[in-house]
$ cat target_16.cif   # mmCIF, C-alpha atoms
data_model
#
loop_
_atom_site.label_atom_id
_atom_site.label_comp_id
_atom_site.auth_asym_id
_atom_site.auth_seq_id
_atom_site.Cartn_x
_atom_site.Cartn_y
_atom_site.Cartn_z
CA MET Y 21 -44.06 135.95 -129.88
CA LYS Y 22 -42.83 134.56 -126.59
CA LYS Y 23 -44.20 131.86 -124.30
CA ILE Y 24 -45.07 133.31 -120.89
CA GLY Y 25 -45.67 131.21 -117.81
CA PHE Y 26 -45.41 131.50 -114.05
CA LEU Y 27 -42.93 129.98 -111.62
CA SER Y 28 -44.06 129.30 -108.06
CA PHE Y 29 -41.84 128.26 -105.16
CA GLY Y 30 -44.95 127.07 -103.33
CA HIS Y 31 -44.06 128.66 -100.01
CA TRP Y 32 -46.37 128.05 -97.09
CA SER Y 33 -46.32 129.46 -93.60
CA PRO Y 34 -48.63 129.22 -90.57
CA SER Y 35 -48.36 132.99 -90.17
CA PRO Y 36 -51.74 134.82 -90.06
CA GLN Y 37 -50.38 137.10 -92.80
CA SER Y 38 -50.00 134.18 -95.21
CA GLY Y 39 -52.73 133.10 -97.58
CA THR Y 40 -51.01 129.71 -97.85
CA ARG Y 41 -50.72 128.28 -94.35
CA THR Y 42 -50.29 124.54 -94.89
CA ALA Y 43 -48.69 122.14 -97.33
CA GLY Y 44 -52.18 121.21 -98.47
CA ASP Y 45 -52.91 124.86 -99.21
CA ALA Y 46 -49.71 125.14 -101.26
CA LEU Y 47 -50.53 122.08 -103.36
CA LEU Y 48 -54.20 122.81 -103.96
CA GLN Y 49 -53.60 126.49 -104.68
CA SER Y 50 -50.85 125.54 -107.14
CA ILE Y 51 -53.37 123.44 -109.08
CA ASP Y 52 -55.93 126.25 -108.96
CA LEU Y 53 -53.38 128.78 -110.21
CA ALA Y 54 -52.46 126.51 -113.13
CA VAL Y 55 -56.16 126.35 -114.05
CA ALA Y 56 -56.54 130.12 -113.71
CA ALA Y 57 -53.38 130.82 -115.73
CA GLU Y 58 -54.60 128.57 -118.53
CA GLU Y 59 -57.90 130.44 -118.62
CA LEU Y 60 -55.99 133.74 -118.91
CA GLY Y 61 -54.00 132.45 -121.87
CA ALA Y 62 -50.67 131.88 -120.13
CA ASP Y 63 -48.44 129.22 -121.65
CA GLY Y 64 -46.86 127.52 -118.64
CA ALA Y 65 -47.23 126.61 -114.96
CA TYR Y 66 -43.84 125.79 -113.41
CA PHE Y 67 -42.98 124.80 -109.86
CA ARG Y 68 -39.77 124.93 -107.84
CA VAL Y 69 -38.72 121.80 -105.93
CA HIS Y 70 -37.08 122.13 -102.51
CA HIS Y 71 -36.59 119.41 -99.90
CA PHE Y 72 -36.71 119.80 -96.09
CA ALA Y 73 -38.52 123.11 -96.56
CA ARG Y 74 -42.01 124.57 -96.27
CA GLN Y 75 -42.23 124.61 -100.04
CA LEU Y 76 -43.24 122.27 -102.83
CA GLY Y 77 -41.32 119.00 -102.60
CA SER Y 78 -42.02 115.88 -104.66
CA PRO Y 79 -43.37 117.33 -107.93
CA PHE Y 80 -45.02 114.45 -109.75
CA PRO Y 81 -48.28 114.15 -107.78
CA LEU Y 82 -48.74 117.90 -108.27
CA LEU Y 83 -47.93 117.78 -111.98
CA ALA Y 84 -50.24 114.81 -112.51
CA ALA Y 85 -53.11 116.51 -110.67
CA ALA Y 86 -52.59 119.78 -112.56
CA GLY Y 87 -52.42 117.79 -115.79
CA ALA Y 88 -55.78 116.19 -115.05
CA LYS Y 89 -57.36 119.58 -114.29
CA THR Y 90 -56.03 121.48 -117.34
CA LYS Y 91 -56.01 120.94 -121.10
CA THR Y 92 -53.43 123.13 -122.87
CA ILE Y 93 -50.99 124.79 -120.49
CA GLU Y 94 -47.44 123.44 -120.20
CA LEU Y 95 -46.61 121.99 -116.79
CA GLY Y 96 -43.06 122.01 -115.56
CA THR Y 97 -40.44 122.27 -112.87
CA ALA Y 98 -37.62 124.71 -112.29
CA VAL Y 99 -35.86 122.71 -111.05
CA ILE Y 100 -35.70 119.13 -109.73
CA ASP Y 101 -32.48 118.56 -107.79
CA MET Y 102 -30.96 115.45 -109.35
CA ARG Y 103 -28.79 114.77 -106.31
CA TYR Y 104 -31.95 113.47 -104.61
CA GLU Y 105 -33.37 111.39 -107.42
CA ASN Y 106 -33.40 107.71 -108.32
CA PRO Y 107 -33.31 108.33 -112.09
CA LEU Y 108 -35.11 105.12 -113.07
CA TYR Y 109 -37.97 105.61 -110.61
CA MET Y 110 -38.13 109.22 -111.78
CA ALA Y 111 -38.49 107.99 -115.37
CA GLU Y 112 -41.58 106.00 -114.33
CA ASP Y 113 -43.08 108.90 -112.33
CA SER Y 114 -42.49 111.47 -115.06
CA GLY Y 115 -43.75 109.12 -117.75
CA ALA Y 116 -47.00 108.61 -115.85
CA ALA Y 117 -47.48 112.34 -115.16
CA ASP Y 118 -46.75 113.18 -118.80
CA LEU Y 119 -49.31 110.67 -120.07
CA ILE Y 120 -51.94 112.06 -117.68
CA SER Y 121 -51.28 115.58 -119.02
CA GLY Y 122 -51.37 114.46 -122.65
CA GLY Y 123 -47.68 115.19 -123.23
CA ARG Y 124 -47.46 118.67 -121.70
CA LEU Y 125 -44.64 118.20 -119.18
CA GLN Y 126 -41.57 120.46 -119.45
CA LEU Y 127 -39.22 119.21 -116.75
CA GLY Y 128 -36.38 121.35 -115.50
CA ILE Y 129 -33.67 119.38 -113.74
CA SER Y 130 -30.37 120.51 -112.25
CA ARG Y 131 -27.55 120.00 -109.81
CA GLY Y 132 -29.67 121.92 -107.30
CA SER Y 133 -29.07 124.94 -105.10
CA PRO Y 134 -28.11 125.64 -101.48
CA GLU Y 135 -30.35 123.67 -99.14
CA GLN Y 136 -32.10 123.92 -95.79
CA VAL Y 137 -29.95 121.08 -94.45
CA VAL Y 138 -26.37 119.90 -94.89
CA ASP Y 139 -26.04 117.34 -97.70
CA GLY Y 140 -29.73 116.54 -97.64
CA TRP Y 141 -29.38 114.02 -100.44
CA ARG Y 142 -27.54 111.71 -98.01
CA TYR Y 143 -30.77 111.30 -96.03
CA PHE Y 144 -32.36 110.05 -99.25
CA GLY Y 145 -29.74 107.32 -99.45
CA HIS Y 146 -27.54 108.92 -102.10
CA ALA Y 147 -23.80 109.56 -102.02
CA PRO Y 148 -21.27 110.48 -104.71
CA ALA Y 149 -19.09 107.71 -106.07
CA GLU Y 150 -15.43 107.63 -105.11
CA GLY Y 151 -13.72 110.70 -106.54
CA GLN Y 152 -16.99 112.42 -107.44
CA THR Y 153 -18.62 115.56 -106.07
CA ASP Y 154 -22.32 115.95 -105.42
CA ALA Y 155 -22.51 117.99 -108.65
CA ASP Y 156 -20.94 115.05 -110.53
CA MET Y 157 -23.54 112.76 -108.97
CA ALA Y 158 -26.35 115.05 -110.17
CA ARG Y 159 -25.03 115.07 -113.73
CA THR Y 160 -24.56 111.28 -113.71
CA ASN Y 161 -28.13 110.79 -112.50
CA ALA Y 162 -29.32 113.16 -115.23
CA GLU Y 163 -27.54 111.13 -117.91
CA ILE Y 164 -29.06 107.88 -116.61
CA TYR Y 165 -32.51 109.52 -116.59
CA LEU Y 166 -32.14 110.80 -120.14
CA GLU Y 167 -31.07 107.37 -121.34
CA ALA Y 168 -34.11 105.75 -119.67
CA LEU Y 169 -36.42 108.27 -121.41
CA LYS Y 170 -35.33 106.95 -124.82
CA GLY Y 171 -37.62 104.00 -124.20
CA GLN Y 172 -35.13 101.34 -125.20
CA GLY Y 173 -35.14 97.96 -123.50
CA PHE Y 174 -32.27 97.19 -121.15
CA ALA Y 175 -33.58 94.76 -118.50
CA GLN Y 176 -33.40 90.97 -118.87
CA PRO Y 177 -36.94 89.53 -118.75
CA ASN Y 178 -37.89 86.70 -116.43
CA PRO Y 179 -38.22 83.48 -118.50
CA ARG Y 180 -41.32 82.57 -116.47
CA PRO Y 181 -43.03 85.93 -115.85
CA MET Y 182 -46.32 86.45 -114.07
CA PHE Y 183 -47.69 88.20 -117.18
CA PRO Y 184 -46.63 87.86 -120.84
CA ASN Y 185 -43.73 90.10 -121.91
CA PRO Y 186 -43.12 91.73 -125.28
CA PRO Y 187 -40.10 90.27 -127.09
CA GLY Y 188 -36.58 91.38 -126.23
CA LEU Y 189 -35.18 93.37 -123.33
CA LEU Y 190 -37.70 95.30 -121.24
CA ARG Y 191 -37.93 99.07 -120.85
CA LEU Y 192 -39.42 101.08 -118.02
CA GLU Y 193 -43.16 101.61 -118.12
CA PRO Y 194 -45.18 103.69 -118.52
CA TYR Y 195 -43.25 105.20 -121.42
CA SER Y 196 -44.25 108.60 -122.78
CA GLU Y 197 -43.17 109.35 -126.34
CA GLY Y 198 -41.49 112.74 -126.72
CA LEU Y 199 -40.74 113.45 -123.07
CA ARG Y 200 -36.99 113.14 -123.72
CA ASP Y 201 -37.17 116.31 -125.87
CA ARG Y 202 -38.93 118.21 -123.07
CA ILE Y 203 -36.20 117.98 -120.44
CA TRP Y 204 -34.45 121.22 -119.47
CA TRP Y 205 -31.23 121.79 -117.55
CA GLY Y 206 -31.02 124.63 -115.02
CA ALA Y 207 -27.53 126.03 -115.63
CA ALA Y 208 -25.73 128.45 -113.32
CA THR Y 209 -22.56 128.62 -115.45
CA ASP Y 210 -21.69 128.89 -119.12
CA ALA Y 211 -19.92 125.51 -118.97
CA THR Y 212 -22.96 123.60 -117.71
CA ALA Y 213 -25.13 125.32 -120.32
CA VAL Y 214 -22.76 124.04 -123.02
CA TRP Y 215 -22.83 120.56 -121.43
CA ALA Y 216 -26.65 120.61 -121.50
CA ALA Y 217 -26.62 121.56 -125.17
CA LYS Y 218 -24.36 118.65 -126.06
CA LEU Y 219 -26.78 116.25 -124.35
CA GLY Y 220 -29.78 117.73 -126.16
CA MET Y 221 -31.51 119.31 -123.18
CA ASN Y 222 -33.34 122.63 -123.30
CA LEU Y 223 -31.92 125.43 -121.14
CA GLN Y 224 -33.38 127.08 -118.05
CA SER Y 225 -31.56 130.13 -116.74
CA SER Y 226 -32.87 131.60 -113.52
CA THR Y 227 -32.52 134.94 -111.73
CA LEU Y 228 -29.10 133.86 -110.44
CA LYS Y 229 -25.90 132.64 -112.03
CA PHE Y 230 -22.30 132.42 -110.96
CA ASP Y 231 -20.47 135.63 -111.78
CA GLU Y 232 -18.07 134.89 -114.63
CA SER Y 233 -17.21 138.38 -115.88
CA GLY Y 234 -18.47 141.10 -113.53
CA LYS Y 235 -20.88 142.30 -116.22
CA PRO Y 236 -24.55 143.08 -115.49
CA PHE Y 237 -26.66 139.98 -114.91
CA HIS Y 238 -28.77 140.18 -118.06
CA ILE Y 239 -25.65 140.50 -120.23
CA GLN Y 240 -23.93 137.51 -118.58
CA GLN Y 241 -27.13 135.52 -118.98
CA ALA Y 242 -27.47 136.50 -122.64
CA GLU Y 243 -23.86 135.42 -123.24
CA GLN Y 244 -24.64 132.10 -121.56
CA ILE Y 245 -27.62 131.58 -123.86
CA ARG Y 246 -25.54 132.38 -126.95
CA ALA Y 247 -22.85 129.91 -125.85
CA TYR Y 248 -25.56 127.30 -125.34
CA ARG Y 249 -27.06 127.87 -128.80
CA ALA Y 250 -23.63 127.67 -130.42
CA ALA Y 251 -22.93 124.37 -128.68
CA TRP Y 252 -26.35 123.05 -129.70
CA LYS Y 253 -25.66 123.89 -133.34
CA GLU Y 254 -22.21 122.30 -133.16
CA ALA Y 255 -23.72 119.12 -131.68
CA GLY Y 256 -25.94 118.80 -134.76
CA HIS Y 257 -29.26 118.12 -133.02
CA ALA Y 258 -32.21 117.89 -135.41
CA ARG Y 259 -34.71 120.00 -133.47
CA GLU Y 260 -34.57 123.61 -132.31
CA PRO Y 261 -33.81 124.06 -128.59
CA ARG Y 262 -35.88 126.03 -126.14
CA VAL Y 263 -34.54 128.53 -123.61
CA SER Y 264 -36.31 130.04 -120.62
CA VAL Y 265 -35.37 132.83 -118.24
CA SER Y 266 -37.09 133.74 -114.97
CA ARG Y 267 -37.89 137.24 -113.79
CA SER Y 268 -39.77 138.98 -110.98
CA ILE Y 269 -41.98 141.45 -112.87
CA PHE Y 270 -44.84 143.35 -111.27
CA ALA Y 271 -47.01 145.77 -113.19
CA LEU Y 272 -48.56 148.44 -110.98
CA VAL Y 273 -52.08 148.78 -112.34
CA ASN Y 274 -54.16 149.24 -109.18
CA ASP Y 275 -53.88 150.37 -105.56
CA MET Y 276 -53.29 146.85 -104.26
CA ASP Y 277 -50.30 146.45 -106.58
CA ARG Y 278 -48.88 149.74 -105.36
CA ALA Y 279 -49.42 148.76 -101.72
CA TYR Y 280 -47.62 145.44 -102.16
CA PHE Y 281 -44.83 146.39 -104.54
CA GLY Y 282 -44.76 150.14 -105.16
CA THR Y 283 -41.90 150.87 -102.73
CA GLY Y 284 -40.07 153.20 -105.07
CA ARG Y 285 -36.74 151.61 -104.14
CA PRO Y 286 -34.27 151.29 -107.03
CA GLU Y 287 -33.97 147.77 -108.45
CA GLU Y 288 -30.53 146.62 -109.42
CA ASP Y 289 -28.34 143.51 -109.66
CA GLN Y 290 -26.70 142.19 -106.51
CA PHE Y 291 -23.42 140.35 -106.19
CA GLY Y 292 -22.73 137.95 -103.32
CA TYR Y 293 -21.74 134.46 -102.27
CA ILE Y 294 -24.18 131.54 -102.03
CA GLU Y 295 -21.34 129.03 -101.77
CA PRO Y 296 -17.80 129.53 -100.45
CA GLU Y 297 -15.48 131.00 -103.07
CA LYS Y 298 -18.26 131.14 -105.68
CA ARG Y 299 -19.37 134.68 -106.37
CA ALA Y 300 -22.87 134.90 -107.81
CA VAL Y 301 -24.88 137.63 -109.46
CA PHE Y 302 -28.57 137.98 -108.66
CA GLY Y 303 -30.67 139.63 -111.35
CA ARG Y 304 -32.77 142.68 -110.61
CA GLY Y 305 -36.56 142.63 -110.46
CA TYR Y 306 -38.85 144.88 -112.49
CA THR Y 307 -41.65 146.88 -110.89
CA GLY Y 308 -43.51 149.85 -112.32
CA GLU Y 309 -46.32 151.18 -114.41
CA PRO Y 310 -46.79 149.16 -117.63
CA ASP Y 311 -45.27 151.83 -119.90
CA VAL Y 312 -42.17 151.99 -117.70
CA LEU Y 313 -41.86 148.21 -117.64
CA ILE Y 314 -42.06 148.01 -121.42
CA LYS Y 315 -39.10 150.37 -121.80
CA GLU Y 316 -37.00 148.63 -119.13
CA LEU Y 317 -37.72 145.08 -120.27
CA ALA Y 318 -36.87 145.98 -123.87
CA ARG Y 319 -33.28 146.54 -122.68
CA ASP Y 320 -32.98 143.10 -121.04
CA GLU Y 321 -30.74 141.17 -123.46
CA ALA Y 322 -31.38 137.75 -121.92
CA ILE Y 323 -35.15 138.04 -122.18
CA ALA Y 324 -34.68 138.97 -125.83
CA GLU Y 325 -32.57 135.84 -126.38
CA ALA Y 326 -35.06 133.46 -124.70
CA ASP Y 327 -38.24 132.02 -126.20
CA THR Y 328 -39.89 131.46 -122.79
CA LEU Y 329 -40.30 133.84 -119.85
CA LEU Y 330 -41.26 132.54 -116.41
CA LEU Y 331 -42.79 135.09 -114.03
CA THR Y 332 -41.97 134.37 -110.40
CA VAL Y 333 -45.13 134.80 -108.34
CA PRO Y 334 -45.74 135.60 -104.65
CA ASN Y 335 -47.83 132.50 -104.08
CA GLN Y 336 -48.68 133.30 -100.43
CA LEU Y 337 -50.78 136.24 -101.62
CA GLY Y 338 -53.40 133.81 -102.90
CA VAL Y 339 -54.63 132.45 -106.22
CA GLU Y 340 -56.81 135.42 -107.14
CA TYR Y 341 -54.07 137.99 -106.68
CA ASN Y 342 -51.45 135.87 -108.43
CA ALA Y 343 -53.78 135.39 -111.37
CA HIS Y 344 -54.08 139.18 -111.47
CA VAL Y 345 -50.26 139.52 -111.49
CA ILE Y 346 -50.04 137.17 -114.48
CA GLU Y 347 -52.94 138.82 -116.30
CA SER Y 348 -51.42 142.28 -115.85
CA ILE Y 349 -48.28 141.21 -117.70
CA LEU Y 350 -50.19 139.40 -120.44
CA LYS Y 351 -52.60 142.29 -120.97
CA HIS Y 352 -50.64 145.46 -120.28
CA VAL Y 353 -46.97 144.64 -120.90
CA ALA Y 354 -46.53 141.71 -123.30
CA PRO Y 355 -48.28 143.32 -126.31
CA GLY Y 356 -46.06 146.41 -126.08
CA LEU Y 357 -42.97 144.21 -126.39
CA GLY Y 358 -44.27 142.06 -129.23
CA TRP Y 359 -44.61 139.03 -126.98
CA ARG Y 360 -48.31 138.76 -127.75
#
$ encode --input "target_16.cif" --output "C-alpha cells"
Amino acid sequence: MKKIGFLSFGHWSPSPQSGTRTAGDALLQSIDLAVAAEELGADGAYFRVHHFARQLGSPFPLLAAAGAKTKTIELGTAVIDMRYENPLYMAEDSGAADLISGGRLQLGISRGSPEQVVDGWRYFGHAPAEGQTDADMARTNAEIYLEALKGQGFAQPNPRPMFPNPPGLLRLEPYSEGLRDRIWWGAATDATAVWAAKLGMNLQSSTLKFDESGKPFHIQQAEQIRAYRAAWKEAGHAREPRVSVSRSIFALVNDMDRAYFGTGRPEEDQFGYIEPEKRAVFGRGYTGEPDVLIKELARDEAIAEADTLLLTVPNQLGVEYNAHVIESILKHVAPGLGWR
C-alpha cells in the first residue's frame, strides 16, 4: 500500500487558453480539487509555495479553507521556503490551520528554490546573520519553528495581564498536538536529507535534486532515501518516518489525455544547472497507456522506497480534468503496482 496525493503549483494566467486566470481562480479551484480528490479516495492534497509569482503564495489561508471543506484527506505543502518565514508567527498560523483540519496538516518546508526575483526574502525583512548564507538562515528558521511546535513555554508572562494566564512561562497559541511529527523537509542533497533525519523531520524528495554521482535520477533519489532512513535509525527516534517523492504521471485512457500528453516523445532524465556551479538532475515524467506505466513505474527505485507518492497536476486544465488525472492513476495504475 502507498499513500497517493496530488501536488499543485497553483499556476494562474490571464491567457484565454488557461482555465485558471486569476489568483482567486487558483485558490478556489485548489480547494475544489482537494474536495474532489478526497471523494476519489486520494490520500493527500499538497500545494507548492512560490513568492512574487502567479502561483500559490501564503499557504495557511488555503490550507485552513481546504481543511474546513474536507474531512479525511491530508493537506500539505511542498514546500514552504523558510528564508521568507517568521518561524514563531508561522507556528501560530500552522497551529490554527491544523486545528481547523482536525490534525491533517503535513507541512513540507525547505531552504527553497530559485526565485522570480533576486533575494526575495530581503523584501520580507529577512537577512542572514553575519557569516551565514541564505540556506543557513532557512535551516535556523526551521529549527526555531520546530522548537516552537513542541508547545513548551518560553515567554515571560506579564505580572498584570489583561486576561488570566496559566502558570509558568507562556507558549504560542493556538497549539496543535502532534503537528511537530508532521513536518517534512524538502531535501535536494543527501546531506540535507541526513540533517532532516537527525532533527526528526519526514522527508520530501521532489523531481529534482543536485547531481551527486551522475547516476539516473531515480537511483540517486533512492540512495538519498536510504541515507535518510539510516540516519533516522541512528538518531533513535521512536516513530517511523515518512518519505514522499513527486512524479509527473499521466495515464492515457481517453482521447483528451492523448491530445494533451500523447506526444510520443521519449521521456528521460535531464541534467543542467539551476544555480551556478551546482549541477542538478531533473527526473523524467511518465506518460502512456496504463499497462505501459505499470511496467515503467515498477522499475523506479525511489518510488519503491517511498511510502507517499505526490502526482504533479496541470492545474490550469481545470478541476474536472485534474480529478480525472488523479482518478486514472488510482483506478488503472495503482492496483497493478500493489499501491491499492
$ closest_residue --input "target_16.cif" --among "Y:Leu190, Y:Ala86, Y:Ala73, Y:Ala175" --to "Val137 (chain Y)" --atoms "only C-alpha atoms"
Y:Ala73
$ closest_residue --input "target_16.cif" --among "Y:Ser268, Y:Ser130, Y:Ser233, Y:Thr307" --to "Phe281 (chain Y)" --atoms "all atoms listed in the file"
Y:Thr307
$ closest_residue --input "target_16.cif" --among "Y:Tyr195, Y:Phe174, Y:Tyr248, Y:Tyr66" --to "Asp113 (chain Y)" --atoms "all atoms listed in the file"
Y:Tyr195
$ closest_residue --input "target_16.cif" --among "Y:Gln126, Y:Thr97, Y:Ser226, Y:Thr153" --to "Val265 (chain Y)" --atoms "only C-alpha atoms"
Y:Ser226
$ closest_residue --input "target_16.cif" --among "Y:Pro187, Y:Gly39, Y:Pro236, Y:Gly61" --to "Glu288 (chain Y)" --atoms "only C-alpha atoms"
Y:Pro236
$ atom_distance --input "target_16.cif" --atom1 "CA of Ala217 (chain Y)" --atom2 "CA of Leu27 (chain Y)"
22.8 Å
$ residues_around --input "target_16.cif" --residues "region 339-354 of chain Y" --least-positions-apart "2" --cutoff "8 Å" --atoms "all atoms listed in the file" --output "PyMOL selection string"
chain Y and resi 24+26+49-50+52-53+56-57+60+62+269-271+273+310-311+313-314+331+333-335+337+356-360
$ atom_distance --input "target_16.cif" --atom1 "CA of Gly338 (chain Y)" --atom2 "CA of Ile100 (chain Y)"
24.0 Å
$ resolve_selection --input "target_16.cif" --expression "the PyMOL selection byres ((chain Y and resi 122) around 9)" --output "ChimeraX atom specification"
/Y:87-88,91-92,117-121,123-125
$ resolve_selection --input "target_16.cif" --expression "the PyMOL selection byres ((chain Y and resi 291) around 6)" --output "CSV table (one decimal) with C-alpha atoms, in the coordinates of the input"
chain,number,residue,atom,x,y,z
Y,290,GLN,CA,-26.7,142.2,-106.5
Y,292,GLY,CA,-22.7,138.0,-103.3
Y,300,ALA,CA,-22.9,134.9,-107.8
Y,301,VAL,CA,-24.9,137.6,-109.5
$ resolve_selection --input "target_16.cif" --expression "the PyMOL selection byres ((chain Y and resi 199-209) around 8)" --output "MDAnalysis selection string"
chainID Y and resid 98:99 115 118 123 125:131 166 169:170 196:198 210:213 216 220:226 228:230 232 244
$ atom_distance --input "target_16.cif" --atom1 "CA of Ala46 (chain Y)" --atom2 "CA of Pro81 (chain Y)"
12.9 Å
$ closest_residue --input "target_16.cif" --among "Y:Met110, Y:Val138, Y:Ala54, Y:Ala242" --to "Phe80 (chain Y)" --atoms "only C-alpha atoms"
Y:Met110
$ axis_aligned_box --input "target_16.cif" --around "region 53-70 of chain Y" --padding-each-side "8 Å" --output "JSON"
{"center_x": -47.5, "center_y": 127.8, "center_z": -112.2, "size_x": 36.8, "size_y": 27.9, "size_z": 35.4}
